[in-house]
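Text of start_31.cif (mmCIF, C-alpha atoms) as supplied:
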data_entry
loop_
_atom_site.group_PDB
_atom_site.id
_atom_site.type_symbol
_atom_site.label_atom_id
_atom_site.label_comp_id
_atom_site.auth_asym_id
_atom_site.auth_seq_id
_atom_site.Cartn_x
_atom_site.Cartn_y
_atom_site.Cartn_z
ATOM 1 C CA MET A 1 -26.300 21.519 -22.351
ATOM 2 C CA ASN A 2 -27.301 23.706 -19.399
ATOM 3 C CA LEU A 3 -26.938 22.824 -15.733
ATOM 4 C CA ASP A 4 -30.682 22.333 -15.325
ATOM 5 C CA ARG A 5 -30.566 19.493 -17.828
ATOM 6 C CA LEU A 6 -27.806 17.764 -15.846
ATOM 7 C CA THR A 7 -29.852 18.162 -12.672
ATOM 8 C CA GLU A 8 -32.871 16.672 -14.402
ATOM 9 C CA MET A 9 -30.783 13.689 -15.524
ATOM 10 C CA ALA A 10 -29.570 13.152 -11.966
ATOM 11 C CA VAL A 11 -33.157 13.237 -10.688
ATOM 12 C CA PHE A 12 -34.252 10.813 -13.409
ATOM 13 C CA ALA A 13 -31.439 8.395 -12.449
ATOM 14 C CA ALA A 14 -32.491 8.654 -8.785
ATOM 15 C CA VAL A 15 -36.080 7.743 -9.684
ATOM 16 C CA VAL A 16 -34.836 4.645 -11.503
ATOM 17 C CA ASP A 17 -32.417 3.720 -8.693
ATOM 18 C CA GLU A 18 -35.065 4.116 -5.980
ATOM 19 C CA GLY A 19 -37.856 2.545 -8.028
ATOM 20 C CA SER A 20 -40.342 5.361 -7.447
ATOM 21 C CA PHE A 21 -40.824 9.113 -7.371
ATOM 22 C CA THR A 22 -41.449 8.920 -3.644
ATOM 23 C CA GLY A 23 -38.196 7.059 -3.012
ATOM 24 C CA ALA A 24 -36.226 9.495 -5.174
ATOM 25 C CA ALA A 25 -37.769 12.457 -3.334
ATOM 26 C CA ARG A 26 -36.705 10.950 -0.027
ATOM 27 C CA ALA A 27 -33.164 10.191 -1.245
ATOM 28 C CA LEU A 28 -32.724 13.669 -2.739
ATOM 29 C CA ASP A 29 -34.460 15.459 0.144
ATOM 30 C CA GLN A 30 -36.895 17.101 -2.249
ATOM 31 C CA SER A 31 -40.649 17.038 -2.583
ATOM 32 C CA LYS A 32 -42.294 14.452 -4.804
ATOM 33 C CA ALA A 33 -43.797 17.266 -6.860
ATOM 34 C CA VAL A 34 -40.355 18.740 -7.617
ATOM 35 C CA VAL A 35 -39.005 15.332 -8.633
ATOM 36 C CA SER A 36 -41.966 14.705 -10.917
ATOM 37 C CA LYS A 37 -41.637 18.165 -12.451
ATOM 38 C CA ARG A 38 -37.941 17.683 -13.253
ATOM 39 C CA VAL A 39 -38.494 14.305 -14.930
ATOM 40 C CA ALA A 40 -41.377 15.750 -16.959
ATOM 41 C CA SER A 41 -39.177 18.691 -17.994
ATOM 42 C CA LEU A 42 -36.480 16.295 -19.177
ATOM 43 C CA GLU A 43 -38.980 14.277 -21.209
ATOM 44 C CA ASN A 44 -40.355 17.452 -22.807
ATOM 45 C CA ALA A 45 -36.856 18.671 -23.700
ATOM 46 C CA LEU A 46 -35.982 15.346 -25.328
ATOM 47 C CA GLY A 47 -39.383 14.807 -26.913
ATOM 48 C CA LEU A 48 -39.410 11.244 -25.581
ATOM 49 C CA ARG A 49 -41.189 9.368 -22.833
ATOM 50 C CA LEU A 50 -38.616 7.912 -20.438
ATOM 51 C CA LEU A 51 -40.824 6.236 -17.853
ATOM 52 C CA ASN A 52 -44.014 4.216 -17.977
ATOM 53 C CA ARG A 53 -46.051 5.277 -14.966
ATOM 54 C CA SER A 54 -48.815 3.293 -13.299
ATOM 55 C CA THR A 55 -50.292 3.096 -9.833
ATOM 56 C CA ARG A 56 -48.490 -0.196 -9.134
ATOM 57 C CA ARG A 57 -45.132 -0.054 -10.848
ATOM 58 C CA LEU A 58 -42.655 2.148 -12.638
ATOM 59 C CA SER A 59 -40.686 0.971 -15.660
ATOM 60 C CA MET A 60 -38.355 2.495 -18.214
ATOM 61 C CA THR A 61 -39.111 2.827 -21.882
ATOM 62 C CA GLU A 62 -36.483 1.871 -24.461
ATOM 63 C CA ALA A 63 -35.378 5.511 -24.569
ATOM 64 C CA GLY A 64 -35.305 5.604 -20.777
ATOM 65 C CA GLU A 65 -33.017 2.559 -20.593
ATOM 66 C CA ALA A 66 -30.597 4.098 -23.084
ATOM 67 C CA LEU A 67 -30.515 7.423 -21.244
ATOM 68 C CA TYR A 68 -30.184 5.838 -17.822
ATOM 69 C CA ALA A 69 -27.038 3.948 -18.839
ATOM 70 C CA ARG A 70 -25.399 7.190 -19.967
ATOM 71 C CA CYS A 71 -26.627 9.125 -16.931
ATOM 72 C CA ARG A 72 -25.212 6.483 -14.612
ATOM 73 C CA THR A 73 -21.821 6.753 -16.312
ATOM 74 C CA ILE A 74 -21.805 10.546 -16.004
ATOM 75 C CA LEU A 75 -22.820 10.441 -12.332
ATOM 76 C CA ASP A 76 -20.276 7.739 -11.495
ATOM 77 C CA GLU A 77 -17.499 9.783 -13.090
ATOM 78 C CA ALA A 78 -18.586 12.858 -11.145
ATOM 79 C CA GLU A 79 -18.512 10.857 -7.917
ATOM 80 C CA GLN A 80 -15.074 9.525 -8.839
ATOM 81 C CA ALA A 81 -13.759 13.044 -9.417
ATOM 82 C CA GLU A 82 -15.004 14.083 -5.987
ATOM 83 C CA ALA A 83 -13.612 10.956 -4.352
ATOM 84 C CA THR A 84 -10.197 11.571 -5.931
ATOM 85 C CA LEU A 85 -9.936 14.967 -4.263
ATOM 86 C CA ARG A 86 -11.483 14.079 -0.928
ATOM 87 C CA PRO A 87 -8.438 12.228 0.492
ATOM 88 C CA LEU A 88 -6.318 15.330 0.012
ATOM 89 C CA ALA A 89 -8.313 17.004 2.751
ATOM 90 C CA GLU A 90 -8.296 14.032 5.109
ATOM 91 C CA ALA A 91 -5.567 13.133 7.594
ATOM 92 C CA PRO A 92 -4.180 9.614 7.058
ATOM 93 C CA ARG A 93 -5.403 7.441 9.918
ATOM 94 C CA GLY A 94 -6.572 3.959 10.831
ATOM 95 C CA LEU A 95 -5.206 0.428 10.643
ATOM 96 C CA LEU A 96 -3.012 -0.345 7.617
ATOM 97 C CA ARG A 97 -2.824 -4.068 6.835
ATOM 98 C CA LEU A 98 0.309 -4.999 4.870
ATOM 99 C CA ASP A 99 1.322 -8.259 3.197
ATOM 100 C CA VAL A 100 5.032 -8.403 2.305
ATOM 101 C CA PRO A 101 7.430 -11.154 1.139
ATOM 102 C CA ALA A 102 9.289 -12.397 4.202
ATOM 103 C CA SER A 103 12.895 -11.549 3.322
ATOM 104 C CA PHE A 104 12.049 -8.221 1.732
ATOM 105 C CA GLY A 105 9.841 -7.352 4.688
ATOM 106 C CA VAL A 106 12.494 -8.077 7.296
ATOM 107 C CA ARG A 107 15.351 -6.446 5.401
ATOM 108 C CA GLN A 108 13.742 -3.481 3.647
ATOM 109 C CA ILE A 109 10.260 -2.728 5.061
ATOM 110 C CA ALA A 110 10.560 -3.310 8.812
ATOM 111 C CA PRO A 111 13.528 -0.909 9.239
ATOM 112 C CA LEU A 112 11.464 1.883 7.642
ATOM 113 C CA LEU A 113 8.353 1.461 9.789
ATOM 114 C CA PRO A 114 9.534 3.514 12.811
ATOM 115 C CA ALA A 115 10.169 6.602 10.658
ATOM 116 C CA PHE A 116 6.838 6.167 8.883
ATOM 117 C CA MET A 117 4.871 5.703 12.095
ATOM 118 C CA HIS A 118 6.522 8.730 13.710
ATOM 119 C CA ARG A 119 5.501 10.786 10.693
ATOM 120 C CA TYR A 120 1.915 9.491 10.745
ATOM 121 C CA PRO A 121 1.023 8.907 14.412
ATOM 122 C CA GLU A 122 -2.646 8.152 13.639
ATOM 123 C CA ILE A 123 -1.778 5.118 11.492
ATOM 124 C CA SER A 124 -1.394 1.657 13.047
ATOM 125 C CA ILE A 125 0.174 -1.204 11.101
ATOM 126 C CA ASP A 126 -0.586 -4.925 10.936
ATOM 127 C CA LEU A 127 2.363 -6.475 9.057
ATOM 128 C CA THR A 128 2.189 -9.995 7.616
ATOM 129 C CA LEU A 129 5.418 -11.556 6.294
ATOM 130 C CA ASN A 130 4.400 -14.125 3.743
ATOM 131 C CA ASP A 131 6.063 -15.581 0.636
ATOM 132 C CA GLN A 132 2.859 -17.136 -0.691
ATOM 133 C CA MET A 133 0.426 -15.211 -2.858
ATOM 134 C CA ILE A 134 -2.864 -14.532 -1.098
ATOM 135 C CA ASN A 135 -6.138 -12.977 -2.153
ATOM 136 C CA LEU A 136 -5.936 -9.413 -0.874
ATOM 137 C CA VAL A 137 -9.692 -8.864 -0.815
ATOM 138 C CA GLU A 138 -10.519 -12.111 1.010
ATOM 139 C CA SER A 139 -7.703 -11.494 3.500
ATOM 140 C CA ALA A 140 -8.700 -7.832 4.063
ATOM 141 C CA ILE A 141 -5.213 -6.629 3.056
ATOM 142 C CA ASP A 142 -4.912 -2.935 2.253
ATOM 143 C CA LEU A 143 -1.548 -3.085 0.504
ATOM 144 C CA ALA A 144 0.896 -5.770 -0.574
ATOM 145 C CA ILE A 145 4.438 -5.749 -1.892
ATOM 146 C CA ARG A 146 4.963 -8.029 -4.882
ATOM 147 C CA ILE A 147 8.291 -8.815 -6.536
ATOM 148 C CA GLY A 148 8.260 -10.203 -10.046
ATOM 149 C CA GLU A 149 5.661 -10.369 -12.772
ATOM 150 C CA LEU A 150 2.114 -9.301 -11.945
ATOM 151 C CA ASP A 151 -0.674 -11.335 -13.476
ATOM 152 C CA ASP A 152 -3.740 -10.364 -11.439
ATOM 153 C CA SER A 153 -5.611 -7.684 -13.391
ATOM 154 C CA SER A 154 -7.957 -7.049 -10.458
ATOM 155 C CA LEU A 155 -5.116 -5.334 -8.590
ATOM 156 C CA VAL A 156 -3.800 -1.816 -9.028
ATOM 157 C CA SER A 157 -0.018 -1.571 -8.963
ATOM 158 C CA ARG A 158 2.723 1.035 -8.673
ATOM 159 C CA ARG A 159 6.331 0.271 -9.495
ATOM 160 C CA LEU A 160 8.655 1.144 -6.595
ATOM 161 C CA ALA A 161 12.108 -0.102 -7.593
ATOM 162 C CA PRO A 162 13.952 -2.454 -9.933
ATOM 163 C CA SER A 163 14.544 -5.994 -8.747
ATOM 164 C CA ARG A 164 17.567 -7.859 -10.105
ATOM 165 C CA ARG A 165 18.688 -11.372 -9.287
ATOM 166 C CA TYR A 166 22.343 -12.367 -9.265
ATOM 167 C CA LEU A 167 23.911 -15.741 -9.893
ATOM 168 C CA CYS A 168 26.377 -16.103 -7.052
ATOM 169 C CA ALA A 169 28.333 -18.580 -5.005
ATOM 170 C CA SER A 170 30.734 -18.553 -2.094
ATOM 171 C CA PRO A 171 34.518 -18.369 -2.663
ATOM 172 C CA ASP A 172 34.790 -21.816 -1.030
ATOM 173 C CA TYR A 173 32.317 -23.383 -3.485
ATOM 174 C CA LEU A 174 34.108 -21.843 -6.472
ATOM 175 C CA ARG A 175 37.490 -23.143 -5.258
ATOM 176 C CA ARG A 176 36.086 -26.665 -5.235
ATOM 177 C CA ARG A 177 34.215 -26.546 -8.526
ATOM 178 C CA THR A 178 34.902 -25.491 -12.096
ATOM 179 C CA LEU A 179 33.688 -21.938 -12.696
ATOM 180 C CA PRO A 180 30.673 -21.913 -15.071
ATOM 181 C CA GLU A 181 31.414 -20.169 -18.375
ATOM 182 C CA ASP A 182 27.943 -20.493 -19.899
ATOM 183 C CA PRO A 183 24.487 -20.842 -18.272
ATOM 184 C CA ARG A 184 24.300 -24.365 -19.655
ATOM 185 C CA ASP A 185 27.180 -25.282 -17.340
ATOM 186 C CA LEU A 186 24.805 -24.843 -14.395
ATOM 187 C CA ARG A 187 23.427 -28.290 -15.133
ATOM 188 C CA ASP A 188 26.668 -29.696 -13.706
ATOM 189 C CA HIS A 189 26.378 -27.719 -10.446
ATOM 190 C CA HIS A 190 24.361 -27.862 -7.241
ATOM 191 C CA CYS A 191 21.803 -25.063 -7.490
ATOM 192 C CA LEU A 192 19.743 -23.708 -4.624
ATOM 193 C CA LEU A 193 16.028 -23.747 -5.426
ATOM 194 C CA TYR A 194 13.321 -21.386 -4.226
ATOM 195 C CA ARG A 195 9.992 -23.153 -3.907
ATOM 196 C CA TYR A 196 7.821 -20.202 -4.914
ATOM 197 C CA GLN A 197 9.841 -19.140 -7.947
ATOM 198 C CA ALA A 198 7.408 -18.897 -10.862
ATOM 199 C CA SER A 199 9.810 -20.488 -13.356
ATOM 200 C CA GLY A 200 10.527 -23.394 -11.023
ATOM 201 C CA GLU A 201 13.718 -25.210 -11.961
ATOM 202 C CA ARG A 202 13.939 -23.525 -15.384
ATOM 203 C CA TRP A 203 16.304 -20.571 -15.104
ATOM 204 C CA LYS A 204 16.342 -18.159 -18.044
ATOM 205 C CA PHE A 205 19.126 -15.792 -19.036
ATOM 206 C CA ARG A 206 20.045 -13.371 -21.803
ATOM 207 C CA ASN A 207 23.205 -11.459 -22.678
ATOM 208 C CA ALA A 208 23.989 -8.113 -24.303
ATOM 209 C CA LYS A 209 24.051 -9.761 -27.747
ATOM 210 C CA GLY A 210 20.454 -10.856 -27.364
ATOM 211 C CA GLU A 211 21.351 -14.521 -26.956
ATOM 212 C CA ARG A 212 19.131 -16.505 -24.630
ATOM 213 C CA ARG A 213 19.596 -19.603 -22.525
ATOM 214 C CA GLN A 214 17.019 -21.679 -20.672
ATOM 215 C CA VAL A 215 18.532 -24.174 -18.285
ATOM 216 C CA THR A 216 16.856 -26.805 -16.150
ATOM 217 C CA VAL A 217 18.847 -26.868 -12.920
ATOM 218 C CA SER A 218 18.830 -29.188 -9.943
ATOM 219 C CA GLY A 219 20.181 -29.221 -6.435
ATOM 220 C CA ARG A 220 20.128 -30.856 -3.043
ATOM 221 C CA LEU A 221 18.356 -27.997 -1.262
ATOM 222 C CA ARG A 222 14.958 -26.464 -1.920
ATOM 223 C CA ALA A 223 13.397 -23.955 0.492
ATOM 224 C CA ASN A 224 10.350 -21.733 0.800
ATOM 225 C CA HIS A 225 12.320 -18.886 2.403
ATOM 226 C CA GLY A 226 15.010 -16.826 0.730
ATOM 227 C CA GLU A 227 17.078 -16.367 3.887
ATOM 228 C CA ALA A 228 17.651 -20.129 4.111
ATOM 229 C CA LEU A 229 18.986 -20.123 0.554
ATOM 230 C CA LEU A 230 21.237 -17.134 1.258
ATOM 231 C CA GLN A 231 22.781 -18.866 4.255
ATOM 232 C CA ALA A 232 23.251 -22.070 2.265
ATOM 233 C CA CYS A 233 24.874 -20.143 -0.549
ATOM 234 C CA GLU A 234 27.300 -18.423 1.838
ATOM 235 C CA ALA A 235 28.082 -21.814 3.412
ATOM 236 C CA GLY A 236 29.156 -23.203 0.030
ATOM 237 C CA LEU A 237 26.264 -25.595 -0.622
ATOM 238 C CA GLY A 238 25.678 -24.419 -4.167
ATOM 239 C CA ILE A 239 24.931 -21.644 -6.626
ATOM 240 C CA GLY A 240 22.061 -19.304 -5.833
ATOM 241 C CA LEU A 241 19.966 -17.037 -8.012
ATOM 242 C CA LEU A 242 19.373 -14.431 -5.338
ATOM 243 C CA PRO A 243 17.711 -11.000 -5.387
ATOM 244 C CA SER A 244 19.949 -7.991 -4.841
ATOM 245 C CA PHE A 245 17.890 -6.748 -1.886
ATOM 246 C CA MET A 246 18.882 -9.915 -0.030
ATOM 247 C CA ALA A 247 22.370 -10.776 -1.344
ATOM 248 C CA GLY A 248 23.694 -7.246 -1.908
ATOM 249 C CA THR A 249 25.579 -6.959 1.374
ATOM 250 C CA ALA A 250 27.188 -10.396 0.995
ATOM 251 C CA LEU A 251 28.275 -9.516 -2.552
ATOM 252 C CA ARG A 252 29.762 -6.185 -1.497
ATOM 253 C CA GLN A 253 31.639 -7.785 1.400
ATOM 254 C CA GLY A 254 32.960 -10.682 -0.691
ATOM 255 C CA ARG A 255 31.136 -13.449 1.184
ATOM 256 C CA LEU A 256 29.507 -14.195 -2.158
ATOM 257 C CA LEU A 257 30.940 -13.728 -5.636
ATOM 258 C CA PRO A 258 28.902 -12.990 -8.774
ATOM 259 C CA ILE A 259 29.274 -15.478 -11.631
ATOM 260 C CA LEU A 260 28.303 -15.414 -15.307
ATOM 261 C CA CYS A 261 28.243 -11.613 -15.141
ATOM 262 C CA ASP A 262 27.718 -11.348 -18.923
ATOM 263 C CA TRP A 263 24.350 -13.062 -18.527
ATOM 264 C CA GLN A 264 21.313 -11.421 -16.969
ATOM 265 C CA ASP A 265 18.389 -13.171 -15.361
ATOM 266 C CA GLU A 266 15.408 -12.761 -17.698
ATOM 267 C CA ALA A 267 13.027 -12.746 -14.742
ATOM 268 C CA ASP A 268 14.432 -9.426 -13.477
ATOM 269 C CA THR A 269 11.391 -7.227 -13.018
ATOM 270 C CA ALA A 270 10.521 -4.862 -10.213
ATOM 271 C CA VAL A 271 9.211 -4.316 -6.718
ATOM 272 C CA HIS A 272 5.565 -3.260 -6.859
ATOM 273 C CA ALA A 273 3.051 -1.945 -4.381
ATOM 274 C CA VAL A 274 -0.325 -3.502 -5.178
ATOM 275 C CA TYR A 275 -3.763 -2.979 -3.744
ATOM 276 C CA PRO A 276 -7.329 -4.012 -4.624
ATOM 277 C CA ALA A 277 -8.986 -1.923 -7.290
ATOM 278 C CA ALA A 278 -11.326 0.612 -5.731
ATOM 279 C CA ARG A 279 -12.989 3.872 -6.607
ATOM 280 C CA ASN A 280 -10.579 5.848 -4.483
ATOM 281 C CA LEU A 281 -7.312 5.176 -2.699
ATOM 282 C CA SER A 282 -7.477 5.677 1.056
ATOM 283 C CA PRO A 283 -5.077 8.255 2.544
ATOM 284 C CA LYS A 284 -3.298 5.685 4.736
ATOM 285 C CA VAL A 285 -2.443 3.545 1.691
ATOM 286 C CA ARG A 286 -1.523 6.515 -0.482
ATOM 287 C CA VAL A 287 0.968 7.985 2.009
ATOM 288 C CA PHE A 288 2.630 4.608 2.621
ATOM 289 C CA ILE A 289 3.134 4.031 -1.105
ATOM 290 C CA ASP A 290 4.548 7.548 -1.499
ATOM 291 C CA PHE A 291 6.837 6.954 1.493
ATOM 292 C CA LEU A 292 8.270 3.767 -0.024
ATOM 293 C CA ALA A 293 8.622 5.325 -3.469
ATOM 294 C CA ALA A 294 10.679 8.161 -1.975
ATOM 295 C CA ARG A 295 12.987 5.670 -0.201
ATOM 296 C CA PHE A 296 13.367 3.209 -3.084
ATOM 297 C CA GLY A 297 13.215 5.524 -6.108
ATOM 298 C CA GLY A 298 15.848 5.366 -8.844
ATOM 299 C CA ARG A 299 18.495 2.730 -8.162
ATOM 300 C CA PRO A 300 17.657 1.436 -4.681
ATOM 301 C CA PHE A 301 20.237 1.537 -1.931
ATOM 302 C CA TRP A 302 20.465 -2.265 -1.738
ATOM 303 C CA GLU A 303 22.041 -2.312 -5.227
ATOM 304 C CA GLU A 304 24.730 0.263 -4.504
ATOM 305 C CA GLY A 305 28.183 -0.984 -5.506
ATOM 306 C CA LEU A 306 26.846 -3.961 -7.480
ATOM 307 C CA PRO A 307 27.643 -4.555 -11.181
#
As structure tokens, what does this structure read like?
Amino acid sequence: MNLDRLTEMAVFAAVVDEGSFTGAARALDQSKAVVSKRVASLENALGLRLLNRSTRRLSMTEAGEALYARCRTILDEAEQAEATLRPLAEAPRGLLRLDVPASFGVRQIAPLLPAFMHRYPEISIDLTLNDQMINLVESAIDLAIRIGELDDSSLVSRRLAPSRRYLCASPDYLRRRTLPEDPRDLRDHHCLLYRYQASGERWKFRNAKGERRQVTVSGRLRANHGEALLQACEAGLGIGLLPSFMAGTALRQGRLLPILCDWQDEADTAVHAVYPAARNLSPKVRVFIDFLAARFGGRPFWEEGLP
């Protein structure tokens, strides 16, 4: 296929999109005669009539409908290819709206913002710390951090770092209670419950042998903020199932002790950057994702020294 044929297809699609030869000529900044000539040339080359013409209305033939669908796909892909390259030539700028889980935002995102904003002085940031899932499109959020399983197919995601949760308790709690030897023993302990945990009160574990345990736990404290559970765990109120990005320092310093180390939380997943699906990723979002990936890549710093 020669380039003239592709041009003729683009003109034909414009006629259909605009609903007339006159509208297509205006949109393409060409004369009506040129537009008409290109559509006629395409019909002659194919040996098929594509448009039914009358003084009052324009409609596609069956062949025209079939061709238009393919032309639209080709043109959309060409526009996507151009849009993919365009951000490379644009300086990242504008307001970046972020939605981040509260504890992760305070501990891991907020400390990085000064370095990022010094590097990109034309980007402003509106940071929301929120443990509840929100609709990114309705809330006009450019980028969100999600930890755990992703189930919204309308979002595009990029994995940033692993996310592990540790069963842990304070030395004081473990002196007062019998040390659990199996996940099923957790039923006899006070467990600290996170309100937004997808599995609720059912904690799931597996070991290196492939054995699995699902335990329904209970406790005297339930909270919608991880920091409250961390403080309660350090104060000896019960056993927590806490993410490494939040409990790592306490574990390294001995304020918390890991328990049931042969069993791994089955819900261990990852930290993801997610954003609404779009034809092209804006420069401000792209550079922020790349910035986080560079800081968190491999084994993240918050897991250093942990088993």
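Look at A:Glu266: the protein and nucleic acid residues within 7 Å of it, using only C-alpha atoms and passing over chain neighbours fewer than 6 places away, are Lys204, Phe205 and Arg206 of chain A.
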Could you tell me, as a list of chain:residue names, exactly which residues end up selected when the PyMOL selection byres ((chain A and resi 288) around 10) is applied to this structure? A:Pro92, A:Leu96, A:Leu113, A:Phe116, A:Met117, A:Tyr120, A:Ile123, A:Leu143, A:Ala273, A:Pro283, A:Lys284, A:Val285, A:Arg286, A:Val287, A:Ile289, A:Asp290, A:Phe291, A:Leu292, A:Ala293, A:Ala294
Please enumerate the residues selected by the PyMOL selection byres ((chain A and resi 34-38) around 8) when evaluated against the supplied file, formatted as a PyMOL selection string. chain A and resi 8+11-12+21+24-25+30-33+39-42
Do you know which residues the PyMOL selection byres ((chain A and resi 154) around 12) returns on this file, as JSON, numbers by chain? {"A": [135, 136, 137, 150, 151, 152, 153, 155, 156, 157, 274, 275, 276, 277, 278]}
So how many Å separate atom CA of A:Gly200 and atom CA of A:Val217, to one decimal? 9.2 Å
Name the residues, using the chain letters and numbers of the file, that sit within 6 Å of (0.9, -1.6, 7.5) when counting only C-alpha atoms, and give them as an NGL selection string. :A and (96-98 or 125-127)
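Taking atom CA of A:Gly64 as the reference point, atom CA of A:Leu48 is found at 8.5 Å.
We find atom CA of A:Gln80 and atom CA of A:Leu160 to be spaced 25.3 Å apart.
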Name all residues at most 12 Å from A:Gly305 (count all atoms listed in the file; drop same-chain ones fewer than 3 positions away) and give them as JSON, numbers by chain. {"A": [244, 248, 249, 250, 251, 252, 253, 254, 299, 300, 301, 302]}
Print the selection's residues with C-alpha atoms to a file, as a tab-separated table (two decimals), in the coordinates of the input.
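Generated output (out_15.tsv):
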chain	number	residue	atom	x	y	z
A	244	SER	CA	19.95	-7.99	-4.84
A	248	GLY	CA	23.69	-7.25	-1.91
A	249	THR	CA	25.58	-6.96	1.37
A	250	ALA	CA	27.19	-10.40	1.00
A	251	LEU	CA	28.28	-9.52	-2.55
A	252	ARG	CA	29.76	-6.18	-1.50
A	253	GLN	CA	31.64	-7.78	1.40
A	254	GLY	CA	32.96	-10.68	-0.69
A	299	ARG	CA	18.50	2.73	-8.16
A	300	PRO	CA	17.66	1.44	-4.68
A	301	PHE	CA	20.24	1.54	-1.93
A	302	TRP	CA	20.46	-2.26	-1.74
Every residue with an atom at most 10 Å from (28.8, -12.0, -21.7) (file coordinates; all atoms listed in the file) is what I'm after, so could you write them as an MDAnalysis selection string? chainID A and resid 181:182 206:209 211 260:264
Return the single residue from A:Ser20, A:Gln231, A:Thr84, A:Asn44 that is closest to A:Arg57, with distances computed using only C-alpha atoms. A:Ser20
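Each of A:Ala169, A:Leu257, A:Ala198, A:Leu174 was compared to A:Ile239 using only C-alpha atoms, and A:Ala169 turns out to be the nearest.
If you measure from each of A:Arg158, A:Ile259, A:Arg164, A:Gln132 to A:Tyr196 using only C-alpha atoms, the closest one turns out to be A:Gln132.
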Ranking A:Ile134, A:Ala235, A:Ala83, A:Val271 by minimum distance to A:Asp99 and counting all atoms listed in the file, which one comes first? A:Ile134
Taking all listed atoms of stretch 283-286 of chain A, build the axis-aligned box, pad each of the six sides by 4 Å, then write its centre and edge lengths in Å to one decimal as JSON.
{"center_x": -3.3, "center_y": 5.9, "center_z": 2.1, "size_x": 11.6, "size_y": 12.7, "size_z": 13.2}
Do you know which residues are at most 9 Å from A:Arg72 counting only C-alpha atoms, after dropping those on the same chain fewer than 4 positions away, and could you put them as a ChimeraX atom specification? /A:10,13,67-68,76-77
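In terms of minimum interatomic distance to A:Ser170, A:Cys233 ranks closest within A:Leu46, A:Leu3, A:Cys233, A:Ala14, counting only C-alpha atoms.
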